[in-house]
Every structure is written in C-alpha cells, then in structure tokens.
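Participant: Mind looking over this structure? Questions follow.
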Amino acid sequence: MLEPSLVAPPDVRPLDDRNARALVRGGILGLLDHLGTRRCAVALHVDLSVDDELFSAIVLVASSKMATSSLYARVERDPAGLPTLAPWTTAPEIEDEIVDAVRRSL
C-alpha cells in the first residue's frame with residue numbers, strides 16, 4: 001500500500017496521522033466531521049483480490065453529508081508499459097477495508 005491521500009477540495013494531500021486517526025475512529029463520515037467540510041475522499045493504491053484474482057488498484061472512498069461512494073480502478077499497463085486506470089467499479093463493501101488499511105499504516 002502506498003501512502004493514503006486525503007482529497008478535501010480544493011486540496012489533495014497525504015493523509016496525516018491526525019486525520020487518519022479520525023478516519024479510524026469514525027469511518028469516512030467521522031473524517032468528514034473532523035475536517036468540518038461538506039465533502040472529502042480518501043484514495044490509496046493497494047493490491048486487491050477479487051474473485052481469486054490479485055491486482056493493483058486505486059481505491060477511492062468519497063463522502064458528503066448526503067451520500068458515500070466506494071470505488072476502485074485496476075492499474076493496468078499500456079503497450080509502452082506505462083500505468084493506466086481501467087474503468088471505475090463500484091464497491092460499497094470496500095469502505096471498511098480502507099479504514100483497516102489506514103489503521104495498519106499508523
């Protein structure tokens with residue numbers, strides 16, 4: 001796992017320990033309250049296993065006061081070997097896994 005990023009418009013920055021602890025304590029909605037913003041997201045690069053297939057992916061959990069969305073996109077390689085993202089896939093079950101991954105990184 002690479003360092004988690006916090007997206008709190010208009011900023012994108014590494015998820016520092018203080019914000020990571022807020023995420024671990026209250027999930028993405030707890031982080032939203034901690035930040036005092038209307039919306040935020042956490043993004044990270046991980047290895048995922050789906051249907052017994054292991055692959056690299058970017059995982060994003062975005063939240064506002066009205067809704068939360070969890071998605072991932074596979075990291076693929078183009079013919080030149082450069083990384084590209086596959087289409088985003090909705091994965092509501094992944095929010096808890098992101099919180100666990102951030103907890104392990106503290």
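Note on naming: chains are A, B, ... as they come in the structure tokens, residues start from 1 per chain, ligands start from 1 in the order shown.
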Could you list, with a cut-off of 6 Å and counting only C-alpha atoms, the residues of range 15-51 of chain A near range 60-81 of chain A, each shown with its nearest atom pair and the distance in Å rounded to one decimal, rows sorted by chain and ascending number, as a Markdown table?
Facilitator:
| residue | atom | partner | partner_atom | distance |
| --- | --- | --- | --- | --- |
| A:Arg38 | CA | A:Ser64 | CA | 5.7 |
| A:Arg39 | CA | A:Ser64 | CA | 4.3 |
| A:Cys40 | CA | A:Ser63 | CA | 5.6 |
| A:Ala41 | CA | A:Ala62 | CA | 4.0 |
| A:Val42 | CA | A:Val61 | CA | 5.4 |
| A:Ala43 | CA | A:Leu60 | CA | 4.4 |
Participant: Extract the full set of alpha helix (DSSP H) residues from range 29-78 of chain A according to DSSP on the backbone, and format it as number ranges by chain.
Facilitator: A: 29-35
Participant: Have a look at CA of Gly26 in chain A and CA of Val99 in chain A and let me know their distance in Å, one decimal.
Facilitator: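 Atom-to-atom, CA of Gly26 in chain A to CA of Val99 in chain A, that is 9.2 Å.
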Participant: Could you tell me how far CA of Ile28 in chain A sits from CA of Pro92 in chain A, in Å to one decimal place?
Facilitator: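 CA of Ile28 in chain A lies 12.4 Å from CA of Pro92 in chain A.
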Participant: Which one is closest to Leu29 in chain A: A:Glu95, A:Pro4, A:Pro9, A:Ser49? Count only C-alpha atoms.
Facilitator: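 Nearest candidate to Leu29 in chain A out of A:Glu95, A:Pro4, A:Pro9, A:Ser49: A:Glu95.
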Participant: Taking the DSSP assignment computed from this structure's backbone, write out as a ChimeraX atom specification all residues of chain A that belong to strand (DSSP E or B).
Facilitator: /A:5-8,11-14,39-50,53-64,68-77,83-85,89-90
Participant: Counting only C-alpha atoms, which residue out of A:Ser56, A:Val50, A:Thr84, A:Ala8 sits closest to Leu35 in chain A?
Facilitator: A:Ala8
Participant: For each of A:Ala57, A:Leu32, A:Pro14, A:Val102, take the minimum atom-to-atom distance to Thr89 in chain A, counting only C-alpha atoms, then give the residue where this is smallest.
Facilitator: A:Ala57
Participant: Please, what distance in Å, to one decimal, runs between CA of Phe55 in chain A and CA of Asp16 in chain A?
Facilitator: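 So the two atoms, CA of Phe55 in chain A and CA of Asp16 in chain A, lie 26.3 Å apart.
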Participant: What's the 8 Å shell around Asn19 in chain A, counting only C-alpha atoms, without same-chain residues fewer than 3 positions away, as a PDB file with N, CA and C atoms, in the first residue's frame?
Facilitator:
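Once everything was written out, this is result15.pdb:
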ATOM      1  N   LEU A  15      -2.581  11.853   3.773  1.00  0.00           N
ATOM      2  CA  LEU A  15      -3.431  11.711   4.950  1.00  0.00           C
ATOM      3  C   LEU A  15      -2.523  11.677   6.171  1.00  0.00           C
ATOM      4  N   ASP A  16      -2.496  12.780   6.943  1.00  0.00           N
ATOM      5  CA  ASP A  16      -1.604  12.828   8.110  1.00  0.00           C
ATOM      6  C   ASP A  16      -2.190  11.990   9.252  1.00  0.00           C
ATOM      7  N   ALA A  22      -8.838  10.115  12.896  1.00  0.00           N
ATOM      8  CA  ALA A  22     -10.263  10.463  12.801  1.00  0.00           C
ATOM      9  C   ALA A  22     -10.981   9.473  11.889  1.00  0.00           C
ATOM     10  N   LEU A  23     -10.340   9.066  10.809  1.00  0.00           N
ATOM     11  CA  LEU A  23     -10.917   8.080   9.891  1.00  0.00           C
ATOM     12  C   LEU A  23     -11.085   6.740  10.590  1.00  0.00           C
ATOM     13  N   LEU A  31     -14.351  11.252   9.546  1.00  0.00           N
ATOM     14  CA  LEU A  31     -13.331  12.123   8.962  1.00  0.00           C
ATOM     15  C   LEU A  31     -13.971  13.392   8.423  1.00  0.00           C
ATOM     16  N   HIS A  34     -14.664  15.574  11.321  1.00  0.00           N
ATOM     17  CA  HIS A  34     -13.388  16.063  11.855  1.00  0.00           C
ATOM     18  C   HIS A  34     -12.849  17.225  11.019  1.00  0.00           C
ATOM     19  N   LEU A  35     -12.955  17.110   9.715  1.00  0.00           N
ATOM     20  CA  LEU A  35     -12.445  18.148   8.817  1.00  0.00           C
ATOM     21  C   LEU A  35     -13.340  19.385   8.798  1.00  0.00           C
TER      22      LEU A  35
END
Participant: Using only C-alpha atoms, which residue out of A:Ser5, A:Arg18, A:Leu44, A:Asp33 lies closest to Ile98 in chain A?
Facilitator: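 Smallest distance to Ile98 in chain A is found for A:Leu44.
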